[in-house]
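Asker: Sharing data04.txt (compact mmCIF, C-alpha atoms and all ligand atoms) below.
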# COMPACT_ATOMS: atom_id res chain seq x y z
CA MET A 548 0.00 0.00 0.00
CA GLU A 549 1.34 3.42 -0.96
CA SER A 550 2.05 5.55 2.12
CA LEU A 551 0.46 8.96 2.43
CA PRO A 552 2.63 12.07 2.45
CA GLU A 553 3.04 13.46 5.94
CA LEU A 554 3.30 17.07 7.10
CA ARG A 555 4.22 18.29 10.57
CA TRP A 556 2.48 21.59 11.23
CA GLY A 557 3.51 24.46 13.47
CA ILE A 558 0.55 26.66 14.34
CA VAL A 559 1.17 30.39 14.78
CA ALA A 560 -1.50 32.13 16.87
CA THR A 561 -4.40 30.61 18.73
CA GLY A 562 -7.44 32.61 17.63
CA MET A 563 -10.69 31.47 16.05
CA ILE A 564 -9.42 30.29 12.70
CA ALA A 565 -6.49 28.39 14.18
CA SER A 566 -9.01 26.41 16.23
CA TRP A 567 -11.04 25.54 13.10
CA PHE A 568 -7.88 24.53 11.25
CA VAL A 569 -6.44 22.16 13.86
CA THR A 570 -9.85 20.62 14.50
CA ASP A 571 -10.28 19.83 10.81
CA LEU A 572 -6.78 18.45 10.38
CA SER A 573 -7.25 16.16 13.37
CA LEU A 574 -10.46 14.54 12.10
CA PRO A 575 -10.29 10.88 11.17
CA ARG A 576 -10.90 10.73 7.40
CA GLU A 577 -11.30 7.59 5.34
CA ASP A 578 -10.25 9.20 2.07
CA ALA A 579 -7.50 11.45 3.42
CA ARG A 580 -4.82 12.03 0.82
CA ALA A 581 -2.21 13.03 3.41
CA ARG A 582 -1.37 12.67 7.08
CA HIS A 583 -1.25 15.83 9.16
CA ILE A 584 0.47 16.10 12.51
CA ILE A 585 0.00 19.13 14.72
CA GLN A 586 3.56 19.29 15.96
CA ALA A 587 3.76 22.66 17.70
CA VAL A 588 1.58 25.58 18.72
CA GLY A 589 2.90 29.09 19.33
CA ALA A 590 1.06 31.92 21.05
CA ARG A 591 2.07 35.16 22.67
CA SER A 592 2.17 33.23 25.94
CA GLU A 593 2.90 29.59 26.65
CA ALA A 594 -0.20 29.34 28.82
CA LYS A 595 -2.32 30.38 25.86
CA ALA A 596 -0.72 27.77 23.62
CA GLN A 597 -1.35 25.10 26.28
CA SER A 598 -4.95 26.12 26.78
CA PHE A 599 -5.51 26.05 22.98
CA VAL A 600 -4.24 22.47 22.83
CA LYS A 601 -6.41 21.49 25.78
CA SER A 602 -9.51 22.99 24.17
CA PHE A 603 -9.12 21.99 20.53
CA VAL A 604 -6.75 19.02 20.27
CA PRO A 605 -6.87 17.51 23.78
CA GLU A 606 -5.94 14.11 22.40
CA LEU A 607 -2.46 15.55 21.66
CA GLU A 608 -1.77 16.75 25.21
CA GLN A 609 0.12 13.56 26.07
CA SER A 610 1.75 13.19 22.65
CA GLY A 611 4.60 15.59 23.24
CA ILE A 612 3.10 18.43 21.20
CA ALA A 613 5.26 21.54 21.73
CA CYS A 614 3.53 24.58 23.25
CA TYR A 615 5.54 27.76 22.84
CA GLY A 616 5.18 31.27 24.24
CA SER A 617 6.48 32.83 21.04
CA TYR A 618 6.06 32.48 17.28
CA ASP A 619 9.84 32.37 16.75
CA ALA A 620 10.04 29.14 18.70
CA VAL A 621 7.65 27.56 16.17
CA TYR A 622 9.72 28.78 13.21
CA ASN A 623 12.86 27.36 14.80
CA ASP A 624 11.45 24.00 15.86
CA PRO A 625 13.36 21.40 13.79
CA ASN A 626 10.38 19.04 13.93
CA VAL A 627 8.09 21.48 12.13
CA ASP A 628 7.86 21.21 8.32
CA ILE A 629 5.30 23.91 7.62
CA VAL A 630 4.03 26.92 9.54
CA TYR A 631 0.33 27.83 9.48
CA ILE A 632 -0.05 31.57 10.08
CA ALA A 633 -3.32 32.61 11.71
CA THR A 634 -2.57 36.08 13.05
CA PRO A 635 -4.49 39.22 11.97
CA HIS A 636 -3.66 40.34 8.41
CA ALA A 637 -1.30 43.10 9.57
CA PHE A 638 1.22 40.53 10.83
CA HIS A 639 1.11 38.13 7.90
CA LYS A 640 4.01 39.70 6.00
CA GLN A 641 6.47 39.58 8.89
CA ASN A 642 5.29 36.17 10.13
CA CYS A 643 5.74 34.71 6.62
CA ILE A 644 9.19 36.23 6.16
CA ASP A 645 10.33 35.07 9.60
CA ALA A 646 9.11 31.52 8.93
CA ILE A 647 10.73 31.41 5.47
CA ASN A 648 14.02 32.74 6.86
CA ALA A 649 13.95 30.00 9.48
CA GLY A 650 13.68 27.44 6.67
CA LYS A 651 9.98 26.57 6.79
CA HIS A 652 7.24 26.11 4.24
CA VAL A 653 4.28 28.41 4.90
CA LEU A 654 0.50 28.40 4.65
CA CYS A 655 -0.66 31.92 5.49
CA GLU A 656 -4.31 32.76 6.10
CA LYS A 657 -6.15 35.05 3.70
CA PRO A 658 -5.71 37.86 2.87
CA PHE A 659 -2.05 37.01 2.21
CA THR A 660 -0.95 40.46 3.36
CA ILE A 661 -2.37 43.96 3.80
CA ASN A 662 -1.44 45.13 0.30
CA ALA A 663 0.31 44.03 -2.88
CA ARG A 664 3.61 45.67 -1.90
CA GLU A 665 3.82 43.46 1.18
CA ALA A 666 2.76 40.41 -0.82
CA GLU A 667 5.58 41.02 -3.30
CA GLU A 668 8.10 41.03 -0.44
CA VAL A 669 6.89 37.67 0.80
CA VAL A 670 6.81 36.14 -2.68
CA GLU A 671 10.35 37.35 -3.32
CA ALA A 672 11.55 35.79 -0.06
CA ALA A 673 9.76 32.51 -0.84
CA ARG A 674 11.22 32.27 -4.34
CA GLN A 675 14.71 33.29 -3.21
CA LYS A 676 14.84 30.75 -0.38
CA GLY A 677 12.95 28.04 -2.25
CA PHE A 678 10.15 27.15 0.17
CA PHE A 679 6.52 26.29 -0.50
CA VAL A 680 4.37 29.31 0.32
CA MET A 681 0.63 29.67 -0.22
CA GLU A 682 -2.21 31.99 0.71
CA GLY A 683 -4.87 30.06 2.63
CA MET A 684 -7.68 30.81 0.21
CA TRP A 685 -9.12 27.47 1.31
CA THR A 686 -12.42 27.80 -0.54
CA ARG A 687 -10.67 27.33 -3.89
CA PHE A 688 -9.77 23.78 -2.78
CA PHE A 689 -13.36 22.66 -2.17
CA PRO A 690 -14.28 20.02 -4.76
CA ILE A 691 -17.33 22.13 -5.59
CA VAL A 692 -15.03 24.67 -7.27
CA GLU A 693 -13.82 22.09 -9.78
CA LYS A 694 -17.46 21.16 -10.41
CA LEU A 695 -18.36 24.82 -10.90
CA LYS A 696 -15.60 25.31 -13.47
CA GLN A 697 -16.63 22.14 -15.27
CA LEU A 698 -20.28 23.21 -15.44
CA LEU A 699 -19.64 26.81 -16.44
CA HIS A 700 -16.57 26.63 -18.62
CA LYS A 701 -16.31 23.08 -19.98
CA GLU A 702 -19.92 21.92 -20.29
CA ARG A 703 -21.16 25.51 -20.61
CA VAL A 704 -24.45 24.45 -19.03
CA ILE A 705 -25.76 28.01 -18.84
CA GLY A 706 -24.39 28.95 -22.25
CA GLU A 707 -22.55 32.22 -22.71
CA ILE A 708 -21.92 33.83 -19.33
CA ASN A 709 -23.21 37.39 -19.18
CA ARG A 710 -23.29 38.45 -15.54
CA MET A 711 -22.64 37.29 -12.01
CA PHE A 712 -23.47 38.56 -8.53
CA ALA A 713 -21.63 37.51 -5.37
CA ASP A 714 -22.05 38.73 -1.84
CA PHE A 715 -20.36 37.78 1.41
CA SER A 716 -21.75 39.81 4.27
CA LEU A 717 -21.86 39.04 7.95
CA ASP A 718 -23.78 40.87 10.61
CA MET A 719 -20.76 41.60 12.81
CA PRO A 720 -21.37 43.09 16.27
CA LEU A 721 -18.58 45.64 15.79
CA ARG A 722 -19.82 48.02 18.51
CA ASP A 723 -19.63 45.21 21.09
CA LEU A 724 -16.04 44.35 20.16
CA PRO A 725 -13.07 46.08 21.79
CA SER A 726 -11.43 48.75 19.63
CA THR A 727 -8.35 46.49 19.58
CA SER A 728 -10.24 43.72 17.73
CA ARG A 729 -8.87 42.86 14.29
CA LEU A 730 -12.36 43.57 12.96
CA ARG A 731 -12.26 47.18 14.23
CA ASP A 732 -8.63 48.25 14.27
CA VAL A 733 -7.51 49.62 10.88
CA ALA A 734 -3.88 49.04 11.90
CA LEU A 735 -4.68 45.30 12.10
CA GLY A 736 -6.37 45.35 8.67
CA ALA A 737 -10.02 45.77 9.67
CA GLY A 738 -12.65 46.06 6.95
CA SER A 739 -15.13 43.98 5.02
CA LEU A 740 -13.15 43.85 1.77
CA LEU A 741 -10.03 42.05 2.97
CA ASP A 742 -11.90 39.91 5.47
CA ILE A 743 -14.86 38.65 3.44
CA GLY A 744 -15.07 40.64 0.18
CA ILE A 745 -12.03 38.67 -0.95
CA TYR A 746 -14.32 35.61 -1.21
CA SER A 747 -16.93 37.45 -3.28
CA LEU A 748 -14.13 38.59 -5.58
CA THR A 749 -12.81 35.03 -5.78
CA TRP A 750 -16.23 33.76 -6.93
CA GLY A 751 -16.31 36.54 -9.51
CA LEU A 752 -12.93 35.51 -10.93
CA LEU A 753 -13.76 31.80 -10.86
CA SER A 754 -17.05 32.18 -12.67
CA LEU A 755 -16.23 34.97 -15.12
CA GLU A 756 -12.78 33.78 -16.22
CA PRO A 757 -12.61 30.50 -18.13
CA PRO A 758 -9.35 28.71 -17.21
CA GLY A 759 -6.52 29.63 -19.53
CA THR A 760 -7.94 32.97 -20.66
CA SER A 761 -6.09 36.17 -20.00
CA GLU A 762 -9.00 38.59 -20.08
CA LYS A 763 -8.54 41.23 -17.40
CA PRO A 764 -11.43 43.02 -15.76
CA GLU A 765 -11.92 46.74 -15.51
CA ILE A 766 -12.74 47.56 -11.88
CA LEU A 767 -15.06 50.22 -10.50
CA ALA A 768 -15.51 50.34 -6.72
CA ILE A 769 -17.19 52.24 -3.94
CA GLN A 770 -16.84 51.74 -0.19
CA THR A 771 -18.70 52.99 2.86
CA LEU A 772 -16.24 53.92 5.60
CA SER A 773 -16.89 54.25 9.32
CA ASP A 774 -13.93 55.32 11.47
CA GLY A 775 -11.77 54.47 8.45
CA VAL A 776 -13.08 50.88 8.30
CA ASP A 777 -14.85 49.82 5.11
CA ILE A 778 -18.09 48.50 6.48
CA SER A 779 -19.41 47.89 2.96
CA SER A 780 -17.66 47.47 -0.36
CA ALA A 781 -19.24 47.21 -3.80
CA VAL A 782 -17.20 46.39 -6.87
CA LEU A 783 -18.09 46.15 -10.53
CA LEU A 784 -16.01 43.92 -12.78
CA GLN A 785 -16.27 44.38 -16.53
CA TYR A 786 -14.57 42.05 -19.01
CA HIS A 787 -14.68 44.14 -22.16
CA ASP A 788 -12.98 41.61 -24.42
CA ALA A 789 -14.90 38.55 -23.29
CA PRO A 790 -17.73 37.13 -25.40
CA GLY A 791 -20.90 38.64 -23.98
CA ALA A 792 -18.81 41.41 -22.29
CA ARG A 793 -19.25 39.78 -18.90
CA GLN A 794 -20.01 41.77 -15.78
CA GLY A 795 -19.62 40.98 -12.11
CA VAL A 796 -21.19 42.68 -9.10
CA ILE A 797 -19.10 41.87 -6.05
CA THR A 798 -20.15 43.00 -2.59
CA SER A 799 -19.32 42.60 1.09
CA SER A 800 -20.61 44.20 4.25
CA VAL A 801 -20.38 43.81 8.01
CA LEU A 802 -23.95 45.03 8.48
CA HIS A 803 -26.11 42.19 7.15
CA LYS A 804 -25.84 38.45 6.76
CA THR A 805 -25.95 37.13 3.20
CA ASP A 806 -28.77 34.77 2.37
CA ASP A 807 -28.00 31.08 1.84
CA ILE A 808 -27.56 31.70 -1.89
CA PHE A 809 -24.45 33.87 -2.02
CA ALA A 810 -23.82 33.93 -5.75
CA ARG A 811 -25.65 33.60 -9.01
CA VAL A 812 -24.22 33.40 -12.50
CA GLU A 813 -26.42 34.29 -15.44
CA GLY A 814 -25.92 32.91 -18.94
CA SER A 815 -27.70 32.73 -22.25
CA LYS A 816 -29.27 29.35 -21.37
CA GLY A 817 -29.98 29.75 -17.66
CA THR A 818 -28.74 30.66 -14.21
CA LEU A 819 -26.42 28.89 -11.79
CA PHE A 820 -26.85 29.41 -8.04
CA LEU A 821 -24.20 28.80 -5.39
CA SER A 822 -25.15 28.41 -1.77
CA GLY A 823 -23.71 27.53 1.61
CA SER A 824 -23.51 28.84 5.13
CA GLY A 825 -21.30 31.62 3.78
CA ALA A 826 -19.33 32.34 0.62
CA SER A 827 -16.28 30.74 2.23
CA MET A 828 -18.08 27.41 2.69
CA PRO A 829 -20.04 26.56 -0.47
CA ASP A 830 -22.03 23.36 -0.35
CA ARG A 831 -24.57 23.44 -3.14
CA ILE A 832 -24.91 24.21 -6.85
CA LYS A 833 -28.27 24.53 -8.50
CA VAL A 834 -28.81 25.19 -12.18
CA SER A 835 -32.01 26.61 -13.55
CA LEU A 836 -32.34 26.25 -17.30
CA LYS A 837 -34.54 28.31 -19.55
CA PRO A 838 -36.88 26.03 -21.50
CA LEU A 839 -36.53 26.28 -25.23
CA ASN A 840 -39.09 28.66 -26.78
CA ALA A 841 -40.33 29.87 -23.39
CA ARG A 842 -41.42 33.47 -23.06
CA GLN A 843 -39.87 34.28 -19.68
CA ASP A 844 -40.64 37.94 -20.18
CA MET A 845 -44.27 36.79 -20.12
CA GLY A 846 -43.84 35.14 -16.70
CA ASP A 847 -43.27 31.59 -17.95
CA LYS A 848 -41.81 29.82 -14.91
CA ASN A 849 -41.47 26.47 -16.57
CA THR A 850 -37.72 26.22 -15.98
CA GLU A 851 -35.79 23.01 -15.50
CA CYS A 852 -33.95 22.97 -12.16
CA VAL A 853 -31.01 20.67 -11.60
CA ASP A 854 -29.53 20.19 -8.15
CA ILE A 855 -25.99 18.93 -8.58
CA PRO A 856 -25.75 15.81 -6.41
CA LYS A 857 -23.55 16.28 -3.37
CA ALA A 858 -21.68 13.06 -4.14
CA GLU A 859 -20.29 14.72 -7.27
CA MET A 860 -18.62 17.33 -5.10
CA SER A 861 -17.26 15.04 -2.38
CA PHE A 862 -19.73 16.43 0.12
CA ALA A 863 -21.15 13.00 0.80
CA PHE A 864 -17.79 12.30 2.38
CA GLN A 865 -17.57 15.64 4.16
CA GLU A 866 -20.99 15.08 5.65
CA LYS A 867 -19.72 11.82 7.09
CA CYS A 868 -16.46 13.06 8.59
CA GLY A 869 -17.70 16.53 9.51
CA GLY A 870 -15.46 19.53 9.72
CA LYS A 871 -15.43 22.69 7.71
CA GLY A 872 -13.15 21.69 4.83
CA PHE A 873 -9.65 22.93 5.70
CA TYR A 874 -8.35 19.43 4.96
CA TYR A 875 -8.93 19.99 1.26
CA GLU A 876 -6.21 22.66 1.07
CA ALA A 877 -4.00 20.88 3.60
CA ASP A 878 -4.04 17.60 1.63
CA CYS A 879 -3.18 19.43 -1.61
CA ILE A 880 -0.26 21.20 0.08
CA ALA A 881 1.11 17.93 1.46
CA LEU A 882 0.92 16.35 -2.00
CA ASP A 883 2.57 19.40 -3.62
CA ILE A 884 5.40 19.47 -1.10
CA ALA A 885 5.94 15.72 -1.42
CA ALA A 886 6.18 16.24 -5.19
CA GLY A 887 8.83 18.94 -4.67
CA LYS A 888 6.59 21.82 -5.77
CA MET A 889 7.16 25.30 -4.35
CA GLU A 890 3.71 26.64 -5.26
CA SER A 891 0.17 25.42 -5.49
CA SER A 892 -1.36 25.17 -8.94
CA ILE A 893 -4.79 25.90 -7.39
CA MET A 894 -3.69 29.06 -5.52
CA PRO A 895 -0.40 30.05 -7.17
CA LEU A 896 1.55 33.05 -5.89
CA ASN A 897 0.92 35.02 -9.09
CA GLU A 898 -2.81 34.69 -8.50
CA THR A 899 -2.36 35.89 -4.92
CA LEU A 900 -0.42 38.90 -6.24
CA ARG A 901 -3.09 39.60 -8.87
CA VAL A 902 -5.87 39.49 -6.27
CA MET A 903 -3.88 41.69 -3.86
CA LYS A 904 -3.40 44.25 -6.65
CA MET A 905 -7.14 44.21 -7.34
CA LEU A 906 -7.86 44.72 -3.63
CA ASP A 907 -5.41 47.66 -3.63
CA LEU A 908 -7.19 49.21 -6.63
CA ILE A 909 -10.60 48.71 -5.05
CA ARG A 910 -9.40 50.45 -1.88
CA LYS A 911 -7.79 53.23 -3.88
CA GLN A 912 -11.15 53.93 -5.54
CA GLY A 913 -13.21 53.23 -2.42
CA GLY A 914 -11.08 55.09 0.12
CA ALA A 915 -10.07 52.42 2.67
CA LYS A 916 -6.45 52.94 3.69
CA PHE A 917 -4.11 51.10 6.03
CA PRO A 918 -1.07 52.57 7.78
CA GLN A 919 0.97 49.90 5.97
CA ASP A 920 0.09 51.56 2.62
CA LEU A 921 2.24 54.60 3.48
CA PRO A 922 3.62 56.36 1.55
CA TYR A 923 0.33 56.56 -0.39
CA VAL A 924 0.86 56.57 -4.14
N1 LIG B 1 -10.09 30.91 6.20
C1 LIG B 1 -11.09 31.38 6.94
O1 LIG B 1 -12.24 30.97 6.83
C2 LIG B 1 -10.83 32.43 7.93
C3 LIG B 1 -9.66 33.14 7.90
N2 LIG B 1 -9.40 34.08 8.83
C4 LIG B 1 -8.15 34.84 8.75
O2 LIG B 1 -7.32 34.42 9.83
C5 LIG B 1 -6.67 35.52 10.43
C6 LIG B 1 -6.99 35.51 11.93
O3 LIG B 1 -8.38 35.67 12.10
P1 LIG B 1 -9.14 35.17 13.45
O4 LIG B 1 -8.67 33.85 13.84
O5 LIG B 1 -10.57 35.38 13.20
O6 LIG B 1 -8.62 36.26 14.46
P2 LIG B 1 -8.61 36.19 16.06
O7 LIG B 1 -8.63 37.59 16.51
O8 LIG B 1 -9.61 35.23 16.55
O9 LIG B 1 -7.17 35.59 16.36
C7 LIG B 1 -5.99 36.21 15.97
C8 LIG B 1 -4.84 35.69 16.83
O10 LIG B 1 -3.66 36.35 16.42
C9 LIG B 1 -2.80 36.53 17.53
N3 LIG B 1 -2.35 37.92 17.63
C10 LIG B 1 -1.09 38.36 17.60
N4 LIG B 1 -1.00 39.67 17.73
C11 LIG B 1 -2.26 40.11 17.88
C12 LIG B 1 -2.82 41.40 18.09
N5 LIG B 1 -2.07 42.51 18.19
N6 LIG B 1 -4.15 41.48 18.18
C13 LIG B 1 -4.92 40.39 18.09
N7 LIG B 1 -4.44 39.14 17.89
C14 LIG B 1 -3.12 39.00 17.80
C15 LIG B 1 -3.57 36.09 18.77
O11 LIG B 1 -3.12 34.79 19.09
P3 LIG B 1 -2.05 34.51 20.25
O12 LIG B 1 -2.41 35.36 21.42
O13 LIG B 1 -2.20 33.08 20.43
O14 LIG B 1 -0.69 34.85 19.76
C16 LIG B 1 -5.00 35.98 18.32
O15 LIG B 1 -5.70 34.97 18.97
C17 LIG B 1 -7.14 36.76 9.69
O16 LIG B 1 -6.13 37.16 8.78
C18 LIG B 1 -8.38 36.32 8.95
O17 LIG B 1 -8.56 36.96 7.71
C19 LIG B 1 -10.28 34.31 9.85
C20 LIG B 1 -11.47 33.64 9.93
C21 LIG B 1 -11.87 32.68 8.94
O1 LIG B 2 -12.39 34.30 6.25
C1 LIG B 2 -13.39 34.54 6.92
O2 LIG B 2 -14.50 33.79 6.75
C2 LIG B 2 -15.42 33.61 7.78
C3 LIG B 2 -15.61 34.86 8.61
O3 LIG B 2 -16.26 34.50 9.78
C4 LIG B 2 -14.32 35.54 8.97
O4 LIG B 2 -14.57 36.82 9.53
C5 LIG B 2 -13.42 35.70 7.80
O5 LIG B 2 -12.14 36.08 8.22
Rewrite the coordinates I just gave you, this time as structure tokens.
Ligand SMILES: NC(=O)C1=CN([C@@H]2O[C@H](COP(=O)(O)OP(=O)(O)OC[C@H]3O[C@@H](n4cnc5c(N)ncnc54)[C@H](OP(=O)(O)O)[C@@H]3O)[C@@H](O)[C@H]2O)C=CC1
Ligand SMILES: O=C1OC[C@@H](O)[C@H](O)[C@H]1O

Answerer:
Amino acid sequence: MESLPELRWGIVATGMIASWFVTDLSLPREDARARHIIQAVGARSEAKAQSFVKSFVPELEQSGIACYGSYDAVYNDPNVDIVYIATPHAFHKQNCIDAINAGKHVLCEKPFTINAREAEEVVEAARQKGFFVMEGMWTRFFPIVEKLKQLLHKERVIGEINRMFADFSLDMPLRDLPSTSRLRDVALGAGSLLDIGIYSLTWGLLSLEPPGTSEKPEILAIQTLSDGVDISSAVLLQYHDAPGARQGVITSSVLHKTDDIFARVEGSKGTLFLSGSGASMPDRIKVSLKPLNARQDMGDKNTECVDIPKAEMSFAFQEKCGGKGFYYEADCIALDIAAGKMESSIMPLNETLRVMKMLDLIRKQGGAKFPQDLPYV
């Protein structure tokens, strides 16, 4: 029997997402494509690292898992292969560079950095030192994304794509959070766009850009700012050169929760709907086809609806093992590293840079600024 590739993870920071990540990686999975070991956890205090282990991976307490009171100790642990960075966005650049300089591969949470300039620094360090580095845009690794691309771009089930709408909004209780929260403090990267709008944008790119094309969207954006934080962002994407001159309407807000259906893609033959508990965790595709010869402008509702079976998107399995789906990206990374790759083909560094540049442009038009952007250009 072929043995699975193995990765020993060092976890940097013990906030919410780190808890989701280690929980997912520790789940028993019948069809796992890699073996993940949580080797070390680093927090700003050792007590915090220990309490994180106790709460989220208690089964590892007796296994010799290392609990450190600093992030540096994780980077320098010789038993760690890859560092998972789960600090607020503002620290991603330095955490990545420190981990790379200590000789580690890196998975860094989204957004990769605060702006494209910072992202370029990290990419340069990664390429110079020759380590695997990836932005944790985990949603792109859900099997449903492959299914989406197949339906839209290979089978062209809805015909020529004309428009798409995507929203990721969460009703965040900002007033109840301390001003030091990453969701409120601009110096930590607060704002809807980098936190959740990045997913809406991702769905726009995935559904409006057939793989292999090099059409680039024009971007028009507006943002609503409160104390410098973009509480809502709205972005128009226009692909002038694409057949059908595709358009995307990409939104995010911290004021309202998006409905179950977070995206819809409209084409000449019908509409495709994406849904899930949020745009980061898609779990359903539904296609509604226009019947031939129907007069929809006359209220003809006789459309054919196709629910894509969950089994075709590996969700049958996910339903069985539970978890949120971080193992999809983690398995891919383990396979890439075992194959000697320095980048993911699903979330390559050039795509991270392209997205970061788009986010910069959106903020330039919309007005959201971070101290890290200085000097403003
Ligand atoms: N992929 C996904 O679905 C999600 C991704 N994220 C991303 O993960 C990152 C972290 O988000 P989240 O876990 O929600 O954030 P939390 O605020 O819950 O946790 C952040 C952690 O970073 C560490 N930290 C270090 N310095 C600071 C500081 N000055 N202020 C606050 N925390 C600090 C702390 O850990 P310690 O004290 O242990 O050092 C803290 O627990 C963000 O970049 C976010 O975009 C977030 C949620 C979902
Ligand atoms: O990435 C994310 O997705 C889920 C949200 O709860 C979170 O704020 C965000 O960082």

Asker: Just give me the gap between atom CA of Gly706 of chain A and atom CA of Asp830 of chain A in Å, one decimal is fine.

Answerer: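 Computed distance, atom CA of Gly706 of chain A to atom CA of Asp830 of chain A, equals 22.7 Å.
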
Asker: Show me which residues sit within 8 Å of ligand LIG 2 (chain B) when counting all atoms listed in the file, and put them as a ChimeraX atom specification.

Answerer: /A:564,657,717,730,742-743,746,825-827

Asker: How would you write, as a list in words, the set of residues no farther than 7 Å from ligand LIG 1 (chain B) when counting all atoms listed in the file?

Answerer: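 Selection of residues at most 7 Å from ligand LIG 1 (chain B): Val559, Ala560, Thr561, Gly562, Met563, Ile564, Ala565, Gly589, Ala590, Arg591, Ser592, Lys595, Ala596, Ala633, Thr634, Pro635, His636, Glu656, Lys657, Pro658, Gly683, Met684, Trp685, Thr727, Ser728, Arg729, Asp742 and Ser827 of chain A.
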
Asker: Of the candidates A:Thr760, A:Gln697, A:Asn897, A:Gln912, which shows the shortest atom-to-atom distance to Val670 of chain A, using only C-alpha atoms?

Answerer: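 Comparing A:Thr760, A:Gln697, A:Asn897, A:Gln912 against Val670 of chain A, the winner is A:Asn897.
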
Asker: For segment 611-616 of chain A, find every residue with an atom within 12 Å (counting all atoms listed in the file), except residues of its own chain fewer than 6 positions away, and show them as number ranges by chain.

Answerer: A: 555-561, 584-601, 604-605, 622-627

Asker: Anything within 9 Å of (-6.1, 43.5, -13.3): list those residues as a VMD selection string, counting all atoms listed in the file and sticking to the file's coordinates.

Answerer: chain A and resid 762 to 766 901 to 902 904 to 905 908

Asker: Report, in Å with one decimal, the straight-line distance from atom CA of Val853 of chain A to atom CA of Ala810 of chain A.

Answerer: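 Going from atom CA of Val853 of chain A over to atom CA of Ala810 of chain A covers 16.2 Å.
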
Asker: Work out how far apart atom CA of Gly751 of chain A and atom CA of Tyr874 of chain A are and give it in Å to one decimal.

Answerer: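 Interatomic distance, atom CA of Gly751 of chain A to atom CA of Tyr874 of chain A: 23.8 Å.
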
Asker: Any idea what's packed within 6 Å of Ala781 of chain A, counting all atoms listed in the file, ignoring anything in its chain fewer than 6 positions away? Could you give it as a list of chain:residue names?

Answerer: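 Listing them by chain and then by number gives A:Ala768, A:Ile769, A:Ile797, A:Thr798.
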
Asker: Using all atoms listed in the file, pick whichever of A:Asn662, A:Thr686, A:Ser815, A:Ser610 has the shortest atom-to-atom distance to Lys871 of chain A.

Answerer: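 Checking each candidate against Lys871 of chain A, we get A:Thr686 as the closest.
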
Asker: Restricting the calculation to all atoms listed in the file: of A:Ala881, A:Glu665, A:Thr899, A:Ala637, which residue gets closest to Pro552 of chain A?

Answerer: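 Once distances to Pro552 of chain A are computed over all atoms listed in the file, the minimum belongs to A:Ala881.
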
Asker: For a quick check of understanding, using all atoms listed in the file, which of A:Gly817, A:Leu896, A:Ile808, A:Val621 has the smallest distance to Ala672 of chain A?

Answerer: A:Leu896

Asker: Report as a PDB file with C-alpha atoms, keeping the file's coordinate frame all protein, DNA and RNA residues lying within 10 Å of Met711 of chain A, evaluated on all atoms listed in the file, omitting residues in the same chain fewer than 2 positions from it.

Answerer:
ATOM      1  CA  ILE A 708     -21.920  33.830 -19.330  1.00  0.00           C
ATOM      2  CA  ASN A 709     -23.210  37.390 -19.180  1.00  0.00           C
ATOM      3  CA  ALA A 713     -21.630  37.510  -5.370  1.00  0.00           C
ATOM      4  CA  TRP A 750     -16.230  33.760  -6.930  1.00  0.00           C
ATOM      5  CA  GLY A 751     -16.310  36.540  -9.510  1.00  0.00           C
ATOM      6  CA  LEU A 752     -12.930  35.510 -10.930  1.00  0.00           C
ATOM      7  CA  SER A 754     -17.050  32.180 -12.670  1.00  0.00           C
ATOM      8  CA  LEU A 755     -16.230  34.970 -15.120  1.00  0.00           C
ATOM      9  CA  LEU A 784     -16.010  43.920 -12.780  1.00  0.00           C
ATOM     10  CA  ARG A 793     -19.250  39.780 -18.900  1.00  0.00           C
ATOM     11  CA  GLN A 794     -20.010  41.770 -15.780  1.00  0.00           C
ATOM     12  CA  GLY A 795     -19.620  40.980 -12.110  1.00  0.00           C
ATOM     13  CA  VAL A 796     -21.190  42.680  -9.100  1.00  0.00           C
ATOM     14  CA  ILE A 797     -19.100  41.870  -6.050  1.00  0.00           C
ATOM     15  CA  ALA A 810     -23.820  33.930  -5.750  1.00  0.00           C
ATOM     16  CA  ARG A 811     -25.650  33.600  -9.010  1.00  0.00           C
ATOM     17  CA  VAL A 812     -24.220  33.400 -12.500  1.00  0.00           C
ATOM     18  CA  GLU A 813     -26.420  34.290 -15.440  1.00  0.00           C
ATOM     19  CA  GLY A 814     -25.920  32.910 -18.940  1.00  0.00           C
ATOM     20  CA  THR A 818     -28.740  30.660 -14.210  1.00  0.00           C
ATOM     21  CA  LEU A 819     -26.420  28.890 -11.790  1.00  0.00           C
ATOM     22  CA  PHE A 820     -26.850  29.410  -8.040  1.00  0.00           C
TER      23      PHE A 820
END

Asker: Quick one: of A:Lys888, A:His652, A:His700, A:Arg722, who's nearest to Phe678 of chain A, counting all atoms listed in the file?

Answerer: A:His652

Asker: Quick one: of A:Leu767, A:Cys655, A:Ala579, A:Val776, who's nearest to Cys879 of chain A, counting only C-alpha atoms?

Answerer: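 For Cys879 of chain A, the nearest of the candidates is A:Ala579.
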